[in-house]
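Asker: Contents of my_file29.pdb (PDB, C-alpha atoms and all ligand atoms) are below:
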```
ATOM      1  CA  MET A   1      35.489  21.617 -32.917
ATOM      2  CA  ILE A   2      32.022  20.456 -34.024
ATOM      3  CA  ILE A   3      32.600  17.065 -32.397
ATOM      4  CA  PHE A   4      33.619  18.860 -29.205
ATOM      5  CA  VAL A   5      30.368  20.887 -29.206
ATOM      6  CA  ILE A   6      28.290  17.735 -29.846
ATOM      7  CA  ASN A   7      30.076  15.981 -26.990
ATOM      8  CA  LEU A   8      29.366  18.961 -24.732
ATOM      9  CA  LEU A   9      25.666  18.902 -25.723
ATOM     10  CA  ASN A  10      25.479  15.155 -25.107
ATOM     11  CA  GLN A  11      27.021  15.567 -21.669
ATOM     12  CA  ASN A  12      24.588  18.362 -20.834
ATOM     13  CA  THR A  13      21.567  16.321 -21.885
ATOM     14  CA  MET A  14      22.812  13.491 -19.681
ATOM     15  CA  ILE A  15      22.664  15.570 -16.492
ATOM     16  CA  ILE A  16      19.454  17.614 -16.929
ATOM     17  CA  TYR A  17      17.568  15.157 -14.733
ATOM     18  CA  GLY A  18      18.436  12.649 -12.043
ATOM     19  CA  THR A  19      18.432  12.156  -8.316
ATOM     20  CA  LYS A  20      20.391  13.885  -5.602
ATOM     21  CA  GLY A  21      20.809  13.493  -1.867
ATOM     22  CA  LYS A  22      21.093  16.360   0.596
ATOM     23  CA  HIS A  23      21.855  16.301   4.318
ATOM     24  CA  ILE A  24      18.720  17.244   6.271
ATOM     25  CA  HIS A  25      19.317  16.278   9.904
ATOM     26  CA  SER A  26      21.955  14.996  12.337
ATOM     27  CA  GLU A  27      21.565  13.938  15.934
ATOM     28  CA  GLU A  28      23.780  12.464  18.628
ATOM     29  CA  THR A  29      22.512   9.336  20.405
ATOM     30  CA  ASP A  30      22.911   8.285  24.026
ATOM     31  CA  LEU A  31      25.626   5.792  24.891
ATOM     32  CA  ILE A  32      25.262   2.714  22.689
ATOM     33  CA  GLN A  33      27.677  -0.164  22.350
ATOM     34  CA  CYS A  34      29.518   0.016  19.027
ATOM     35  CA  SER A  35      29.503  -3.274  17.135
ATOM     36  CA  HIS A  36      32.947  -2.476  15.703
ATOM     37  CA  CYS A  37      35.081  -1.193  18.612
ATOM     38  CA  GLN A  38      32.818  -2.682  21.374
ATOM     39  CA  GLU A  39      32.959   0.628  23.335
ATOM     40  CA  GLN A  40      29.908   2.267  24.968
ATOM     41  CA  ARG A  41      29.969   5.524  22.975
ATOM     42  CA  LYS A  42      27.692   8.138  21.477
ATOM     43  CA  HIS A  43      26.905   7.799  17.793
ATOM     44  CA  THR A  44      26.063  10.545  15.307
ATOM     45  CA  ILE A  45      23.123   9.674  13.092
ATOM     46  CA  SER A  46      22.806  11.650   9.859
ATOM     47  CA  ILE A  47      19.739  11.615   7.611
ATOM     48  CA  TYR A  48      19.842  12.486   3.920
ATOM     49  CA  GLY A  49      16.778  13.323   1.855
ATOM     50  CA  ARG A  50      16.818  12.112  -1.726
ATOM     51  CA  TYR A  51      14.926  13.964  -4.448
ATOM     52  CA  ALA A  52      14.470  13.887  -8.213
ATOM     53  CA  HIS A  53      15.659  16.989 -10.026
ATOM     54  CA  ILE A  54      15.259  18.476 -13.490
ATOM     55  CA  PHE A  55      17.833  21.111 -14.505
ATOM     56  CA  TRP A  56      19.168  20.914 -10.931
ATOM     57  CA  ILE A  57      15.816  22.186  -9.564
ATOM     58  CA  PRO A  58      14.361  19.767  -6.972
ATOM     59  CA  PHE A  59      11.201  18.199  -8.443
ATOM     60  CA  PHE A  60       9.819  15.861  -5.774
ATOM     61  CA  PRO A  61      11.246  13.881  -2.821
ATOM     62  CA  ILE A  62      12.002  10.174  -3.254
ATOM     63  CA  GLY A  63      13.015   8.867   0.144
ATOM     64  CA  LYS A  64      15.312   9.210   3.117
ATOM     65  CA  LYS A  65      18.599   7.496   3.723
ATOM     66  CA  GLY A  66      20.785   7.596   6.760
ATOM     67  CA  VAL A  67      23.953   6.380   8.411
ATOM     68  CA  SER A  68      25.322   6.184  11.927
ATOM     69  CA  GLU A  69      28.886   7.028  12.871
ATOM     70  CA  CYS A  70      30.590   5.885  16.043
ATOM     71  CA  ASN A  71      32.101   8.946  17.751
ATOM     72  CA  HIS A  72      35.027   6.798  18.938
ATOM     73  CA  CYS A  73      36.201   4.638  16.010
ATOM     74  CA  LYS A  74      34.331   6.592  13.254
ATOM     75  CA  MET A  75      32.838   3.357  11.908
ATOM     76  CA  THR A  76      29.947   4.237   9.576
ATOM     77  CA  LEU A  77      27.006   1.853   9.355
ATOM     78  CA  ALA A  78      23.974   1.617   7.081
ATOM     79  CA  PRO A  79      20.667   0.759   8.837
ATOM     80  CA  LYS A  80      20.848  -2.902   7.729
ATOM     81  CA  ASP A  81      24.209  -3.317   9.527
ATOM     82  CA  MET A  82      23.159  -1.619  12.801
ATOM     83  CA  ASN A  83      22.571  -3.529  16.033
ATOM     84  CA  GLU A  84      19.104  -3.398  17.661
ATOM     85  CA  SER A  85      19.662  -0.417  20.006
ATOM     86  CA  LEU A  86      21.348   1.617  17.271
ATOM     87  CA  LYS A  87      18.541   0.771  14.847
ATOM     88  CA  PHE A  88      15.975   1.941  17.424
ATOM     89  CA  ALA A  89      17.846   5.265  17.881
ATOM     90  CA  PHE A  90      18.112   5.603  14.099
ATOM     91  CA  GLN A  91      14.339   5.227  13.654
ATOM     92  CA  ASN A  92      13.716   7.976  16.242
ATOM     93  CA  VAL A  93      16.150  10.353  14.528
ATOM     94  CA  GLU A  94      14.635   9.559  11.134
ATOM     95  CA  LYS A  95      11.199  10.510  12.500
ATOM     96  CA  ASN A  96      12.585  13.890  13.649
ATOM     97  CA  ALA A  97      14.160  14.597  10.253
ATOM     98  CA  LYS A  98      11.689  16.888   8.521
ATOM     99  CA  ARG A  99      12.121  17.218   4.801
ATOM    100  CA  PRO A 100      12.639  20.848   3.651
ATOM    101  CA  ILE A 101       9.875  22.280   1.459
ATOM    102  CA  THR A 102      12.506  23.101  -1.183
ATOM    103  CA  HIS A 103      12.549  19.396  -2.159
ATOM    104  CA  TRP A 104       9.086  20.053  -3.651
ATOM    105  CA  LEU A 105      10.185  23.274  -5.419
ATOM    106  CA  LEU A 106       9.417  22.375  -9.054
ATOM    107  CA  LEU A 107       6.090  20.750  -8.136
ATOM    108  CA  ILE A 108       5.150  23.912  -6.175
ATOM    109  CA  ILE A 109       6.126  26.124  -9.145
ATOM    110  CA  ILE A 110       4.018  23.985 -11.524
ATOM    111  CA  GLY A 111       1.120  24.083  -9.042
ATOM    112  CA  VAL A 112       1.289  27.871  -8.755
ATOM    113  CA  LEU A 113       1.465  28.258 -12.551
ATOM    114  CA  PHE A 114      -1.717  26.186 -12.977
ATOM    115  CA  ILE A 115      -3.671  27.321  -9.912
ATOM    116  CA  ALA A 116      -2.907  31.076 -10.036
ATOM    117  CA  PRO A 117      -4.652  31.658 -13.435
ATOM    118  CA  MET A 118      -7.661  29.611 -12.209
ATOM    119  CA  ILE A 119      -8.027  31.700  -9.047
ATOM    120  CA  THR A 120      -7.679  34.994 -10.945
ATOM    121  CA  SER A 121     -10.283  33.908 -13.530
ATOM    122  CA  ILE A 122     -12.673  33.010 -10.670
ATOM    123  CA  PHE A 123     -12.065  36.433  -9.093
ATOM    124  CA  ILE A 124     -12.669  38.149 -12.443
ATOM    125  CA  ALA A 125     -15.913  36.183 -12.978
ATOM    126  CA  VAL A 126     -17.127  37.064  -9.456
ATOM    127  CA  PHE A 127     -16.134  40.718  -9.949
ATOM    128  CA  LYS A 128     -17.997  40.882 -13.289
ATOM    129  CA  SER A 129     -21.142  39.318 -11.796
ATOM    130  CA  ILE A 130     -21.109  41.846  -8.936
ATOM    131  CA  THR A 131     -20.568  44.910 -11.166
ATOM    132  CA  SER A 132     -23.105  43.972 -13.899
TER
HETATM  133 ZN    ZN A 201      33.141   2.319  17.492
END
```
Here is a file; write its structure as structure tokens.

Answerer:
Amino acid sequence: MIIFVINLLNQNTMIIYGTKGKHIHSEETDLIQCSHCQEQRKHTISIYGRYAHIFWIPFFPIGKKGVSECNHCKMTLAPKDMNESLKFAFQNVEKNAKRPITHWLLLIIIGVLFIAPMITSIFIAVFKSITS
């Protein structure tokens, strides 16, 4: 029983921090020749935002990753495997993929916790100087 609890604690300490990826944007391209099936087809480009997390709360963003999928043969390609026209479309989609503010959540919380007391103390000091 005790060993089981220790194992459980060890497992929990292993996953309190790490990185995670979340889908942030998908877009369909114009007709581009697929390097796998050789058909002129639309591709779906999906962008994922990676972030560091502590206790599953997003801390700060790390980078973006993305893949393209041929709408005909469903071949999925990483940017390094894309042909020139697909790579160009990928870069445009990546530019449009705005990272959600929630990927900064823990940093925002820390900022508010440090800045809010400073602002209130400034207000109190100003209020005291006006009233005295
Ligand atoms: Zn294809």

Asker: Taking only C-alpha atoms and all ligand atoms into account, which residues are within 7 Å of ligand ZN 201 (chain A), as a list in words?

Answerer: Cys34, Ser35, His36, Cys37, Gln38, Glu39, Cys70, Asn71, His72, Cys73, Lys74 and Met75 of chain A

Asker: Quick one: write out the picked residues with C-alpha atoms as a CSV table (one decimal), in the coordinates of the input?

Answerer:
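out.csv, written as the output of this step:
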```csv
chain,number,residue,atom,x,y,z
A,34,CYS,CA,29.5,0.0,19.0
A,35,SER,CA,29.5,-3.3,17.1
A,36,HIS,CA,32.9,-2.5,15.7
A,37,CYS,CA,35.1,-1.2,18.6
A,38,GLN,CA,32.8,-2.7,21.4
A,39,GLU,CA,33.0,0.6,23.3
A,70,CYS,CA,30.6,5.9,16.0
A,71,ASN,CA,32.1,8.9,17.8
A,72,HIS,CA,35.0,6.8,18.9
A,73,CYS,CA,36.2,4.6,16.0
A,74,LYS,CA,34.3,6.6,13.3
A,75,MET,CA,32.8,3.4,11.9
```

Asker: With distances taken over all atoms listed in the file, which of A:Leu107, A:Leu86, A:Ile62, A:Ala52 is nearest to A:Leu31?

Answerer: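 That would be A:Leu86, the residue with the smallest distance to A:Leu31.
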
Asker: May I have the centre and edge lengths, in Å to one decimal, of an axis-aligned box around the listed atoms of stretch 61-71 of chain A with 4 Å added to every side, as lines of an AutoDock Vina configuration file?

Answerer:
```
center_x = 21.7
center_y = 9.9
center_z = 7.2
size_x = 28.9
size_y = 16.0
size_z = 29.0
```

Asker: May I have the protein, DNA and RNA residues with an atom at most 12 Å from (18.6, 6.9, 13.5), counting only C-alpha atoms in the file's coordinates, returned as an NGL selection string?

Answerer: :A and (25-30 or 43-48 or 64-69 or 77-80 or 82-97)

Asker: Please enumerate the residues selected by the PyMOL selection byres (((chain A and resi 56) around 9) and not hetatm) when evaluated against the supplied file, formatted as a PyMOL selection string.

Answerer: chain A and resi 15-18+20+52-55+57-59

Asker: Quick one: pull the distance between atom CA of A:Pro100 and atom CA of A:His23, Å, one decimal.

Answerer: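 Between these atoms lies a distance of 10.3 Å.
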
Asker: Have a look at atom CA of A:Thr19 and atom CA of A:Ile108 and let me know their distance in Å, one decimal.

Answerer: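 Answer for the atom CA of A:Thr19 to atom CA of A:Ile108 separation: 17.9 Å.
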
Asker: I need the residue nearest A:Pro61 from this list: A:Leu113, A:Ile130, A:Ile122, A:Leu106. Use all atoms listed in the file for the distance.

Answerer: A:Leu106

Asker: Please compute the atom CA of A:Tyr51-atom CA of A:Asp81 distance, one decimal, in Å.

Answerer: 24.1 Å

Asker: Calculated over all atoms listed in the file, which of the candidates A:Ala116, A:Ile32, A:Ile124, A:Lys22 has the smallest distance to A:His103?

Answerer: A:Lys22

Asker: Please reconstruct the missing atoms of stretch 62-86 of chain A (target: N, CA and C atoms) and return them as a short mmCIF file (atom, residue, chain, number, x, y, z; two decimals), in the coordinates of the input.

Answerer:
```cif
data_model
loop_
_atom_site.label_atom_id
_atom_site.label_comp_id
_atom_site.auth_asym_id
_atom_site.auth_seq_id
_atom_site.Cartn_x
_atom_site.Cartn_y
_atom_site.Cartn_z
N ILE A 62 12.06 11.62 -2.96
CA ILE A 62 12.00 10.17 -3.25
C ILE A 62 12.01 9.37 -1.95
N GLY A 63 12.95 9.63 -1.10
CA GLY A 63 13.02 8.87 0.14
C GLY A 63 14.13 9.40 1.02
N LYS A 64 14.26 8.80 2.20
CA LYS A 64 15.31 9.21 3.12
C LYS A 64 16.31 8.08 3.27
N LYS A 65 17.56 8.47 3.43
CA LYS A 65 18.60 7.50 3.72
C LYS A 65 19.40 8.03 4.89
N GLY A 66 20.01 7.13 5.62
CA GLY A 66 20.78 7.60 6.76
C GLY A 66 21.90 6.65 7.13
N VAL A 67 22.84 7.18 7.91
CA VAL A 67 23.95 6.38 8.41
C VAL A 67 24.21 6.76 9.86
N SER A 68 24.86 5.86 10.58
CA SER A 68 25.32 6.18 11.93
C SER A 68 26.84 6.15 11.92
N GLU A 69 27.43 7.02 12.76
CA GLU A 69 28.89 7.03 12.87
C GLU A 69 29.27 6.96 14.33
N CYS A 70 30.09 6.01 14.68
CA CYS A 70 30.59 5.88 16.04
C CYS A 70 31.52 7.07 16.32
N ASN A 71 31.27 7.77 17.45
CA ASN A 71 32.10 8.95 17.75
C ASN A 71 33.49 8.55 18.24
N HIS A 72 33.72 7.26 18.48
CA HIS A 72 35.03 6.80 18.94
C HIS A 72 35.88 6.28 17.78
N CYS A 73 35.39 5.25 17.08
CA CYS A 73 36.20 4.64 16.01
C CYS A 73 35.83 5.13 14.62
N LYS A 74 34.78 6.00 14.53
CA LYS A 74 34.33 6.59 13.25
C LYS A 74 33.79 5.56 12.26
N MET A 75 33.42 4.38 12.77
CA MET A 75 32.84 3.36 11.91
C MET A 75 31.46 3.81 11.45
N THR A 76 31.23 3.82 10.15
CA THR A 76 29.95 4.24 9.58
C THR A 76 29.13 3.01 9.19
N LEU A 77 27.86 3.01 9.62
CA LEU A 77 27.01 1.85 9.36
C LEU A 77 25.71 2.27 8.67
N ALA A 78 25.29 1.46 7.70
CA ALA A 78 23.97 1.62 7.08
C ALA A 78 22.95 0.95 8.01
N PRO A 79 21.66 1.33 7.93
CA PRO A 79 20.67 0.76 8.84
C PRO A 79 20.66 -0.77 8.88
N LYS A 80 20.90 -1.43 7.75
CA LYS A 80 20.85 -2.90 7.73
C LYS A 80 21.99 -3.54 8.54
N ASP A 81 23.07 -2.78 8.78
CA ASP A 81 24.21 -3.32 9.53
C ASP A 81 24.19 -2.92 11.00
N MET A 82 23.19 -2.11 11.42
CA MET A 82 23.16 -1.62 12.80
C MET A 82 22.67 -2.70 13.76
N ASN A 83 23.12 -2.63 15.01
CA ASN A 83 22.57 -3.53 16.03
C ASN A 83 21.22 -2.98 16.50
N GLU A 84 20.50 -3.72 17.32
CA GLU A 84 19.10 -3.40 17.66
C GLU A 84 18.95 -2.02 18.31
N SER A 85 19.81 -1.70 19.30
CA SER A 85 19.66 -0.42 20.01
C SER A 85 20.02 0.76 19.10
N LEU A 86 20.97 0.56 18.21
CA LEU A 86 21.35 1.62 17.27
C LEU A 86 20.25 1.82 16.24
#
```
